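Raw contents of input.pdb, PDB, C-alpha atoms:
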ATOM      1  CA  MET A   1      30.289 -13.438  15.697  1.00  0.00           C
ATOM      2  CA  LYS A   2      26.958 -14.077  14.029  1.00  0.00           C
ATOM      3  CA  GLN A   3      26.316 -17.453  12.471  1.00  0.00           C
ATOM      4  CA  LYS A   4      25.387 -17.376   8.783  1.00  0.00           C
ATOM      5  CA  SER A   5      22.259 -19.275   7.822  1.00  0.00           C
ATOM      6  CA  GLU A   6      21.383 -21.132   4.660  1.00  0.00           C
ATOM      7  CA  VAL A   7      18.221 -20.045   2.871  1.00  0.00           C
ATOM      8  CA  LEU A   8      15.853 -22.683   1.519  1.00  0.00           C
ATOM      9  CA  GLN A   9      14.769 -22.304  -2.118  1.00  0.00           C
ATOM     10  CA  GLY A  10      11.124 -21.409  -1.395  1.00  0.00           C
ATOM     11  CA  THR A  11      12.196 -18.993   1.300  1.00  0.00           C
ATOM     12  CA  LEU A  12      14.643 -17.335  -1.086  1.00  0.00           C
ATOM     13  CA  ASP A  13      11.839 -16.815  -3.606  1.00  0.00           C
ATOM     14  CA  LEU A  14       9.763 -15.152  -0.902  1.00  0.00           C
ATOM     15  CA  LEU A  15      12.650 -12.913   0.188  1.00  0.00           C
ATOM     16  CA  VAL A  16      13.490 -11.832  -3.361  1.00  0.00           C
ATOM     17  CA  LEU A  17       9.858 -11.104  -4.242  1.00  0.00           C
ATOM     18  CA  LYS A  18       9.363  -9.135  -1.018  1.00  0.00           C
ATOM     19  CA  THR A  19      12.583  -7.170  -1.536  1.00  0.00           C
ATOM     20  CA  LEU A  20      11.639  -6.201  -5.092  1.00  0.00           C
ATOM     21  CA  ASP A  21       8.063  -5.397  -4.077  1.00  0.00           C
ATOM     22  CA  THR A  22       9.311  -3.118  -1.299  1.00  0.00           C
ATOM     23  CA  MET A  23      12.334  -1.529  -2.973  1.00  0.00           C
ATOM     24  CA  GLY A  24      11.364  -1.476  -6.643  1.00  0.00           C
ATOM     25  CA  PRO A  25      13.742  -2.490  -9.465  1.00  0.00           C
ATOM     26  CA  MET A  26      17.158  -3.656  -8.272  1.00  0.00           C
ATOM     27  CA  HIS A  27      20.163  -5.486  -9.668  1.00  0.00           C
ATOM     28  CA  GLY A  28      21.195  -8.836  -8.213  1.00  0.00           C
ATOM     29  CA  TYR A  29      23.994  -7.483  -6.048  1.00  0.00           C
ATOM     30  CA  GLY A  30      21.624  -4.879  -4.598  1.00  0.00           C
ATOM     31  CA  ILE A  31      19.046  -7.558  -3.792  1.00  0.00           C
ATOM     32  CA  ALA A  32      21.672  -9.646  -1.996  1.00  0.00           C
ATOM     33  CA  GLN A  33      22.946  -6.613  -0.068  1.00  0.00           C
ATOM     34  CA  ARG A  34      19.429  -5.584   0.977  1.00  0.00           C
ATOM     35  CA  ILE A  35      18.572  -9.076   2.263  1.00  0.00           C
ATOM     36  CA  GLN A  36      21.868  -9.192   4.158  1.00  0.00           C
ATOM     37  CA  GLN A  37      21.275  -5.710   5.605  1.00  0.00           C
ATOM     38  CA  VAL A  38      17.690  -6.308   6.727  1.00  0.00           C
ATOM     39  CA  SER A  39      18.602  -9.710   8.215  1.00  0.00           C
ATOM     40  CA  GLU A  40      21.444  -8.016  10.137  1.00  0.00           C
ATOM     41  CA  ASP A  41      24.023 -10.203   8.348  1.00  0.00           C
ATOM     42  CA  VAL A  42      22.353 -13.479   9.328  1.00  0.00           C
ATOM     43  CA  LEU A  43      21.388 -14.203   5.711  1.00  0.00           C
ATOM     44  CA  GLN A  44      24.103 -13.873   3.095  1.00  0.00           C
ATOM     45  CA  LEU A  45      23.440 -14.844  -0.499  1.00  0.00           C
ATOM     46  CA  ASN A  46      26.134 -15.787  -2.956  1.00  0.00           C
ATOM     47  CA  GLN A  47      25.880 -15.519  -6.749  1.00  0.00           C
ATOM     48  CA  GLY A  48      25.481 -19.272  -7.103  1.00  0.00           C
ATOM     49  CA  THR A  49      22.318 -19.084  -5.013  1.00  0.00           C
ATOM     50  CA  LEU A  50      20.788 -15.770  -6.045  1.00  0.00           C
ATOM     51  CA  TYR A  51      21.120 -15.761  -9.829  1.00  0.00           C
ATOM     52  CA  PRO A  52      19.553 -19.210 -10.391  1.00  0.00           C
ATOM     53  CA  ALA A  53      16.669 -18.045  -8.164  1.00  0.00           C
ATOM     54  CA  LEU A  54      16.249 -14.876 -10.215  1.00  0.00           C
ATOM     55  CA  LEU A  55      16.263 -16.922 -13.431  1.00  0.00           C
ATOM     56  CA  ARG A  56      13.671 -19.326 -11.971  1.00  0.00           C
ATOM     57  CA  LEU A  57      11.456 -16.416 -10.866  1.00  0.00           C
ATOM     58  CA  GLN A  58      11.792 -14.858 -14.304  1.00  0.00           C
ATOM     59  CA  GLN A  59      10.878 -18.124 -16.055  1.00  0.00           C
ATOM     60  CA  ARG A  60       7.764 -18.365 -13.895  1.00  0.00           C
ATOM     61  CA  GLY A  61       6.794 -14.825 -14.866  1.00  0.00           C
ATOM     62  CA  TRP A  62       7.073 -13.480 -11.326  1.00  0.00           C
ATOM     63  CA  VAL A  63       9.909 -11.064 -12.089  1.00  0.00           C
ATOM     64  CA  LYS A  64      11.067  -9.337 -15.250  1.00  0.00           C
ATOM     65  CA  SER A  65      14.428  -7.817 -16.040  1.00  0.00           C
ATOM     66  CA  LYS A  66      16.017  -5.189 -18.212  1.00  0.00           C
ATOM     67  CA  TRP A  67      19.548  -3.930 -18.738  1.00  0.00           C
ATOM     68  CA  SER A  68      20.383  -0.510 -17.343  1.00  0.00           C
ATOM     69  CA  LEU A  69      23.253   1.383 -15.745  1.00  0.00           C
ATOM     70  CA  SER A  70      23.961   0.839 -12.060  1.00  0.00           C
ATOM     71  CA  GLU A  71      24.760   3.601  -9.600  1.00  0.00           C
ATOM     72  CA  ASN A  72      28.473   3.235 -10.460  1.00  0.00           C
ATOM     73  CA  ASN A  73      27.815   3.468 -14.237  1.00  0.00           C
ATOM     74  CA  ARG A  74      28.179  -0.241 -14.958  1.00  0.00           C
ATOM     75  CA  LYS A  75      25.774  -2.168 -17.132  1.00  0.00           C
ATOM     76  CA  ALA A  76      23.610  -4.396 -14.924  1.00  0.00           C
ATOM     77  CA  ARG A  77      20.398  -6.383 -15.195  1.00  0.00           C
ATOM     78  CA  PHE A  78      17.683  -4.830 -13.046  1.00  0.00           C
ATOM     79  CA  TYR A  79      14.860  -7.040 -11.793  1.00  0.00           C
ATOM     80  CA  SER A  80      11.327  -5.992 -10.879  1.00  0.00           C
ATOM     81  CA  VAL A  81       8.304  -7.886  -9.634  1.00  0.00           C
ATOM     82  CA  THR A  82       5.379  -8.453 -12.031  1.00  0.00           C
ATOM     83  CA  GLY A  83       1.654  -8.483 -11.276  1.00  0.00           C
ATOM     84  CA  SER A  84       1.660 -12.272 -11.094  1.00  0.00           C
ATOM     85  CA  GLY A  85       4.743 -12.017  -8.872  1.00  0.00           C
ATOM     86  CA  ARG A  86       2.793  -9.841  -6.449  1.00  0.00           C
ATOM     87  CA  LYS A  87       0.011 -12.437  -6.347  1.00  0.00           C
ATOM     88  CA  GLN A  88       2.600 -15.147  -5.742  1.00  0.00           C
ATOM     89  CA  LEU A  89       4.141 -13.046  -2.965  1.00  0.00           C
ATOM     90  CA  VAL A  90       0.788 -13.061  -1.154  1.00  0.00           C
ATOM     91  CA  GLU A  91       0.582 -16.863  -1.521  1.00  0.00           C
ATOM     92  CA  GLU A  92       4.210 -17.400  -0.466  1.00  0.00           C
ATOM     93  CA  ARG A  93       3.737 -15.163   2.580  1.00  0.00           C
ATOM     94  CA  ALA A  94       0.591 -17.032   3.644  1.00  0.00           C
ATOM     95  CA  ASN A  95       2.401 -20.354   3.267  1.00  0.00           C
ATOM     96  CA  TRP A  96       5.403 -19.038   5.247  1.00  0.00           C
ATOM     97  CA  ASP A  97       3.113 -17.877   8.052  1.00  0.00           C
ATOM     98  CA  ARG A  98       1.366 -21.265   8.119  1.00  0.00           C
ATOM     99  CA  VAL A  99       4.577 -23.339   8.123  1.00  0.00           C
ATOM    100  CA  SER A 100       6.524 -21.145  10.553  1.00  0.00           C
ATOM    101  CA  GLY A 101       3.508 -21.117  12.895  1.00  0.00           C
ATOM    102  CA  ALA A 102       3.383 -24.916  12.818  1.00  0.00           C
ATOM    103  CA  ILE A 103       7.099 -25.163  13.542  1.00  0.00           C
ATOM    104  CA  ALA A 104       6.798 -22.698  16.421  1.00  0.00           C
ATOM    105  CA  ARG A 105       3.945 -24.761  17.907  1.00  0.00           C
ATOM    106  CA  LEU A 106       6.030 -27.939  17.626  1.00  0.00           C
ATOM    107  CA  LEU A 107       9.017 -26.303  19.309  1.00  0.00           C
ATOM    108  CA  GLU A 108       6.861 -24.937  22.122  1.00  0.00           C
ATOM    109  CA  ALA A 109       5.276 -28.347  22.650  1.00  0.00           C
ATOM    110  CA  GLY A 110       8.661 -30.008  22.922  1.00  0.00           C
ATOM    111  CA  ALA A 111       8.024 -32.384  20.023  1.00  0.00           C
TER
END

Translate this structure into structure tokens?
Amino acid sequence: MKQKSEVLQGTLDLLVLKTLDTMGPMHGYGIAQRIQQVSEDVLQLNQGTLYPALLRLQQRGWVKSKWSLSENNRKARFYSVTGSGRKQLVEERANWDRVSGAIARLLEAGA
């Protein structure tokens, strides 16, 4: 059985921005499913985690949303990444690479 992992706020922003940048407009449930699928069920997002993140990203101007019909004909809010969101994605990715590299070096050094 795989252990589920918690996602830190900044990491969640990165994952949501990357998912929307790669997949195009998606509703919240689709974003959560995609992250779970790509992480091979290691990362599982609940509504209490995902929707505040989407609201925060929207308030910062990194994503926008509009109401549309989902694949099962239900009204849903679809999110898409904005131009400033794409710029932020580049910054978030660079920061992730820097921090995860530092952690890897510490673990290898036996700190």

Name the residues that the PyMOL selection byres ((chain A and resi 29) around 12) pulls out of this structure, and write them as a tab-separated table (two decimals) with C-alpha atoms, in the frame of the given file.
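Output below, filename expr-v9.tsv:
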chain	number	residue	atom	x	y	z
A	16	VAL	CA	13.49	-11.83	-3.36
A	25	PRO	CA	13.74	-2.49	-9.46
A	26	MET	CA	17.16	-3.66	-8.27
A	27	HIS	CA	20.16	-5.49	-9.67
A	28	GLY	CA	21.20	-8.84	-8.21
A	30	GLY	CA	21.62	-4.88	-4.60
A	31	ILE	CA	19.05	-7.56	-3.79
A	32	ALA	CA	21.67	-9.65	-2.00
A	33	GLN	CA	22.95	-6.61	-0.07
A	34	ARG	CA	19.43	-5.58	0.98
A	35	ILE	CA	18.57	-9.08	2.26
A	36	GLN	CA	21.87	-9.19	4.16
A	44	GLN	CA	24.10	-13.87	3.10
A	45	LEU	CA	23.44	-14.84	-0.50
A	46	ASN	CA	26.13	-15.79	-2.96
A	47	GLN	CA	25.88	-15.52	-6.75
A	48	GLY	CA	25.48	-19.27	-7.10
A	49	THR	CA	22.32	-19.08	-5.01
A	50	LEU	CA	20.79	-15.77	-6.04
A	51	TYR	CA	21.12	-15.76	-9.83
A	54	LEU	CA	16.25	-14.88	-10.22
A	70	SER	CA	23.96	0.84	-12.06
A	71	GLU	CA	24.76	3.60	-9.60
A	76	ALA	CA	23.61	-4.40	-14.92
A	77	ARG	CA	20.40	-6.38	-15.20
A	78	PHE	CA	17.68	-4.83	-13.05
A	79	TYR	CA	14.86	-7.04	-11.79

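Here CA of Ser80 (chain A) is placed at a distance of 5.4 Å from CA of Val63 (chain A).
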
* Asked: Which one of A:Leu55, A:Leu15, A:Asp21, A:Gly10 sits closest to Leu43 (chain A) if you count only C-alpha atoms?
  ->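 Checking each candidate against Leu43 (chain A), we get A:Leu15 as the closest.
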
* Which residues fall under the PyMOL selection byres ((chain A and resi 94-109) around 12) in this file, as an MDAnalysis selection string? -> chainID A and resid 8 10:15 87:93 110:111

* CA of Asn73 (chain A) to CA of Gly61 (chain A), straight-line distance in Å -> 27.9 Å

Please enumerate the residues selected by the PyMOL selection byres ((chain A and resi 82) around 7) when evaluated against the supplied file, formatted as a PDB file with C-alpha atoms, keeping the file's coordinate frame.
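Ended up saving to part12.pdb:
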ATOM      1  CA  TRP A  62       7.073 -13.480 -11.326  1.00  0.00           C
ATOM      2  CA  VAL A  63       9.909 -11.064 -12.089  1.00  0.00           C
ATOM      3  CA  LYS A  64      11.067  -9.337 -15.250  1.00  0.00           C
ATOM      4  CA  SER A  80      11.327  -5.992 -10.879  1.00  0.00           C
ATOM      5  CA  VAL A  81       8.304  -7.886  -9.634  1.00  0.00           C
ATOM      6  CA  GLY A  83       1.654  -8.483 -11.276  1.00  0.00           C
ATOM      7  CA  SER A  84       1.660 -12.272 -11.094  1.00  0.00           C
ATOM      8  CA  GLY A  85       4.743 -12.017  -8.872  1.00  0.00           C
ATOM      9  CA  ARG A  86       2.793  -9.841  -6.449  1.00  0.00           C
TER      10      ARG A  86
END

* **Straight-line distance linking CA of Ser65 (chain A) with CA of Thr19 (chain A), stated in Å to one decimal** => 14.6 Å

* **Selected residue of minimal separation from Arg56 (chain A) among A:Gln37, A:Val42, A:Leu17, A:Thr22, counting all atoms listed in the file** =>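 Of the candidates, the smallest distance to Arg56 (chain A) is held by A:Leu17.
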